[in-house]
Amino acid sequence: MKIAVARETAAGERRVALTPDQVARLVKKGWEIYIEAGAGEASLISDQAYEEVGGTIAGDRPALWQNADIVVKVAVPTPEEIETLPEGAMVASLLNPLGQPEVIQQLTAKKITALGMELIPRTSRAQSMDVLSSQAGVAGYKAVLLAAATLPKFFPMLTTAAGTIRPAKVFVIGAGVAGLQAIATARRLGAVVEAFDIRPAVKEEVQSLGAKFVEVQLEEETATAGGYAKEVSEDSKKKSQALISDHVATADVVITTAQVPGRKAPILVTDDMIARMQPGSVIIDLAGEQGGNCEGCEAGRDVLVHGVTIIAPINLPSTVAIHASQMFAKNMATLLQLLIPENEINLDFEDDILDSVCVTHQGTIRNQRVKDALQQMTVTV
Ligand code: NAD
């Protein structure tokens with residue numbers, strides 16, 4: 001079994017798909033792991049560290065990819081990378097199928113078997129492969145640090161000879177994986193934290209982290225059977241906005257993480273709410289890449305609106321490259337071991353994880369959810 005670990009080429013991508021600890025595990029299975037020279041550099045992992053655990057450093061990408069059974073990487077393959085993959089090759093990485101349908105088109109045309117790491121089902125069995133969770137946790141943590149570094153105030157309460165400082169007030173909107181990690185991090189820094197989510201099921205988790213849960217009573221079901229948020233009616237959105245308005249206005253920091261899978265992120269923080277916030281306050285919009293939860297946010301830019309700094313970071317996990325890579329690599333290595341049970345690739349579509357994760361195969365789009373969504377977007381593949 002030959003596995004090639006790509007050196008990432010996408011701008012700003014510092015993570016690597018397999019770290020030396022995971023390479024060591026896979027080498028013990030008798031697999032050959034080839035790492036492109038410098039693949040770990042941006043995560044502070046030297047070529048030597050890979051060699052010490054039995055990995056082989058390779059320089060010539062086309063030859064390496066030609067001979068690999070599977071190429072593993074973090075970021076969505078670029079058009080040039082797909083060009084370099086031989087016809088019928090297998091690649092596992094993030095694919096952003098709904099955000100970049102042209103990539104799916106190119107992979108299909110080249111008959112690539114592409115495994116999309118974001119399509120790992122959210123089930124207990126798949127938890128150790130779930131990159132959405134591992135990377136959302138990193139983003140939630142870093143969002144709070146960004147906010148703390150930008151806010152011209154302390155987070156904790158301080159009692160000093162120069163007087164008593166009141167703790168900062170942080171309001172987290174969306175208490176999924178990223179939101180819960182943001183709550184925990186803000187609490188560790190000593191802030192007073194409130195949180196809102198349309199799924200009432202998260203109330204206890206929010207409270208157990210020491211935050212106050214802001215609750216809304218809606219006349220519709222807000223979660224799917226799988227535990228995800230549903231897109232709610234305009235009426236429910238208005239009700240939520242009315243409820244959160246005062247909490248936004250009095251917060252020093254607002255962190256928004258609200259997302260509905262497969263949909264544009266809902267706008268929850270309006271310009272009117274921002275106008276009521278104190279100048280110097282900070283909003284971190286983690287849904288920026290999906291359109292944003294906050295009116296006026298611009299993905300990848302810091303903007304100043306009514307004296308409030310709105311930051312909508314792109315690829316925040318990459319800024320915590322060492323641990324984000326470590327977690328991504330654990331997720332990837334676990335998936336590889338499911339895919340390759342006896343030293344041979346067994347793409348068993350009876351397995352719900354492999355069935356869901358395989359987006360393109362033998363010139364077709366296999367994942368029904370992706371297929372339906374792309375058809376709706378009227379992209380002809
Ligand atoms: P996500 O990134 O899709 O959404 C983030 C949060 O935004 C969610 O909590 C959602 O309820 C909330 N949200 C959506 N619309 C909103 C609105 N209009 N107003 C306020 N909040 C809104 O979700 P996620 O963090 O990836 O995961 C959500 C849930 O999925 C988890 O809490 C958990 O129950 C489940 N999950 C299960 C597993 C597993 O079993 N392996 C792994 C991860 C997550």
# chains A, B, ... in the order shown; residues from 1 in each chain; ligands from 1
>>> residues_around(residues="stretch 49-59 of chain A", least_positions_apart="3", cutoff="12 Å", atoms="only C-alpha atoms", output="PyMOL selection string")
chain A and resi 2-7+16+18-41+43-46+62-65+67-68
>>> write_last_selection(atoms="N, CA and C atoms", output="short mmCIF file (atom, residue, chain, number, x, y, z; two decimals), in the first residue's frame")
data_model
loop_
_atom_site.label_atom_id
_atom_site.label_comp_id
_atom_site.auth_asym_id
_atom_site.auth_seq_id
_atom_site.Cartn_x
_atom_site.Cartn_y
_atom_site.Cartn_z
N LYS A 2 0.70 2.10 -1.01
CA LYS A 2 1.51 3.32 -1.12
C LYS A 2 0.62 4.55 -0.92
N ILE A 3 0.97 5.32 0.12
CA ILE A 3 0.18 6.52 0.42
C ILE A 3 1.08 7.75 0.25
N ALA A 4 0.59 8.74 -0.50
CA ALA A 4 1.38 9.96 -0.72
C ALA A 4 0.76 11.11 0.08
N VAL A 5 1.58 11.77 0.88
CA VAL A 5 1.12 12.93 1.65
C VAL A 5 1.53 14.19 0.89
N ALA A 6 0.52 14.98 0.51
CA ALA A 6 0.82 16.16 -0.34
C ALA A 6 1.37 17.32 0.47
N ARG A 7 2.21 18.10 -0.18
CA ARG A 7 2.60 19.40 0.36
C ARG A 7 1.51 20.37 -0.11
N VAL A 16 -1.05 19.89 7.49
CA VAL A 16 -0.59 18.75 6.70
C VAL A 16 -1.50 17.57 7.05
N LEU A 18 -1.06 14.21 7.22
CA LEU A 18 -0.60 13.17 8.14
C LEU A 18 0.63 13.68 8.90
N THR A 19 0.62 13.54 10.20
CA THR A 19 1.73 13.97 11.05
C THR A 19 2.58 12.73 11.40
N PRO A 20 3.81 12.91 11.87
CA PRO A 20 4.68 11.75 12.11
C PRO A 20 4.07 10.69 13.04
N ASP A 21 3.32 11.08 14.07
CA ASP A 21 2.74 10.06 14.97
C ASP A 21 1.81 9.12 14.20
N GLN A 22 1.04 9.69 13.27
CA GLN A 22 0.13 8.83 12.49
C GLN A 22 0.88 8.05 11.42
N VAL A 23 1.93 8.66 10.84
CA VAL A 23 2.74 7.93 9.85
C VAL A 23 3.34 6.70 10.53
N ALA A 24 3.80 6.87 11.77
CA ALA A 24 4.40 5.74 12.50
C ALA A 24 3.39 4.59 12.61
N ARG A 25 2.13 4.94 12.92
CA ARG A 25 1.09 3.90 13.06
C ARG A 25 0.87 3.17 11.74
N LEU A 26 0.85 3.92 10.66
CA LEU A 26 0.53 3.32 9.36
C LEU A 26 1.71 2.51 8.81
N VAL A 27 2.93 2.98 9.11
CA VAL A 27 4.12 2.24 8.67
C VAL A 27 4.15 0.87 9.36
N LYS A 28 3.70 0.84 10.62
CA LYS A 28 3.68 -0.44 11.37
C LYS A 28 2.76 -1.46 10.71
N LYS A 29 1.80 -0.97 9.91
CA LYS A 29 0.89 -1.90 9.23
C LYS A 29 1.53 -2.47 7.96
N GLY A 30 2.76 -2.00 7.68
CA GLY A 30 3.45 -2.48 6.47
C GLY A 30 3.20 -1.59 5.27
N TRP A 31 2.55 -0.42 5.48
CA TRP A 31 2.27 0.47 4.35
C TRP A 31 3.48 1.37 4.09
N GLU A 32 3.62 1.77 2.81
CA GLU A 32 4.70 2.71 2.47
C GLU A 32 4.10 4.11 2.44
N ILE A 33 4.66 4.99 3.27
CA ILE A 33 4.13 6.36 3.32
C ILE A 33 5.18 7.31 2.74
N TYR A 34 4.80 7.97 1.65
CA TYR A 34 5.69 8.92 0.98
C TYR A 34 5.21 10.33 1.32
N ILE A 35 6.14 11.16 1.72
CA ILE A 35 5.78 12.53 2.10
C ILE A 35 6.49 13.49 1.17
N GLU A 36 5.75 14.38 0.55
CA GLU A 36 6.39 15.36 -0.34
C GLU A 36 7.33 16.24 0.48
N ALA A 37 8.52 16.46 -0.02
CA ALA A 37 9.51 17.25 0.72
C ALA A 37 8.89 18.57 1.17
N GLY A 38 9.04 18.87 2.44
CA GLY A 38 8.53 20.15 2.97
C GLY A 38 7.05 20.14 3.32
N ALA A 39 6.38 18.98 3.20
CA ALA A 39 4.92 18.94 3.44
C ALA A 39 4.56 19.39 4.85
N GLY A 40 5.44 19.11 5.82
CA GLY A 40 5.11 19.44 7.20
C GLY A 40 5.67 20.79 7.66
N GLU A 41 6.44 21.41 6.77
CA GLU A 41 7.19 22.63 7.15
C GLU A 41 6.32 23.69 7.82
N SER A 43 3.71 23.39 9.43
CA SER A 43 3.24 22.93 10.75
C SER A 43 4.43 22.64 11.66
N LEU A 44 5.60 23.15 11.25
CA LEU A 44 6.83 22.98 12.05
C LEU A 44 7.24 21.51 12.19
N ILE A 45 6.97 20.72 11.15
CA ILE A 45 7.38 19.31 11.15
C ILE A 45 8.44 19.15 10.05
N SER A 46 9.61 18.69 10.44
CA SER A 46 10.70 18.57 9.47
C SER A 46 10.57 17.28 8.67
N PRO A 62 4.75 14.55 -9.76
CA PRO A 62 4.04 13.74 -10.76
C PRO A 62 4.36 12.25 -10.65
N ALA A 63 5.65 11.92 -10.43
CA ALA A 63 6.02 10.49 -10.34
C ALA A 63 5.41 9.88 -9.08
N LEU A 64 5.42 10.64 -8.00
CA LEU A 64 4.87 10.14 -6.73
C LEU A 64 3.38 9.88 -6.86
N TRP A 65 2.66 10.85 -7.39
CA TRP A 65 1.20 10.71 -7.50
C TRP A 65 0.83 9.62 -8.50
N ASN A 67 2.33 6.85 -8.88
CA ASN A 67 2.54 5.52 -8.29
C ASN A 67 1.78 5.28 -7.00
N ALA A 68 1.15 6.32 -6.45
CA ALA A 68 0.49 6.17 -5.15
C ALA A 68 -0.87 5.48 -5.30
#
>>> residues_near_ligand(ligand="ligand 1", cutoff="9 Å", atoms="only C-alpha atoms and all ligand atoms", output="count of residues only")
57
>>> select_by_dssp(residues="stretch 199-275 of chain A", states="strand (DSSP E)", output="list in words")
Lys212, Phe213, Val214, Val253, Val254, Ile255 and Thr256 of chain A
>>> closest_atom_pairs(of="stretch 285-346 of chain A", to="stretch 80-97 of chain A", cutoff="10 Å", atoms="only C-alpha atoms", output="Markdown table")
| residue | atom | partner | partner_atom | distance |
| --- | --- | --- | --- | --- |
| A:Met332 | CA | A:Ala92 | CA | 8.2 |
| A:Leu335 | CA | A:Ala92 | CA | 9.4 |
| A:Leu336 | CA | A:Ala92 | CA | 9.1 |
>>> atom_distance(atom1="atom CA of A:Glu342", atom2="atom CA of A:Val71")
18.5 Å
>>> closest_residue(among="A:Ala329, A:Val308, A:Leu158, A:Ala195", to="A:Val72", atoms="only C-alpha atoms")
A:Ala329
>>> select_by_dssp(residues="stretch 60-296 of chain A", states="helix (DSSP H, G or I)", output="number ranges by chain")
A: 61-67, 79-84, 101-109, 117-119, 127-129, 131-150, 177-188, 200-208, 234-249, 271-276, 288-290
>>> closest_residue(among="A:Ile183, A:Met1, A:Ala161, A:Val254", to="A:Asn343", atoms="only C-alpha atoms")
A:Met1
>>> closest_residue(among="A:His323, A:Arg15, A:His361, A:Arg263", to="A:Leu98", atoms="only C-alpha atoms")
A:Arg263
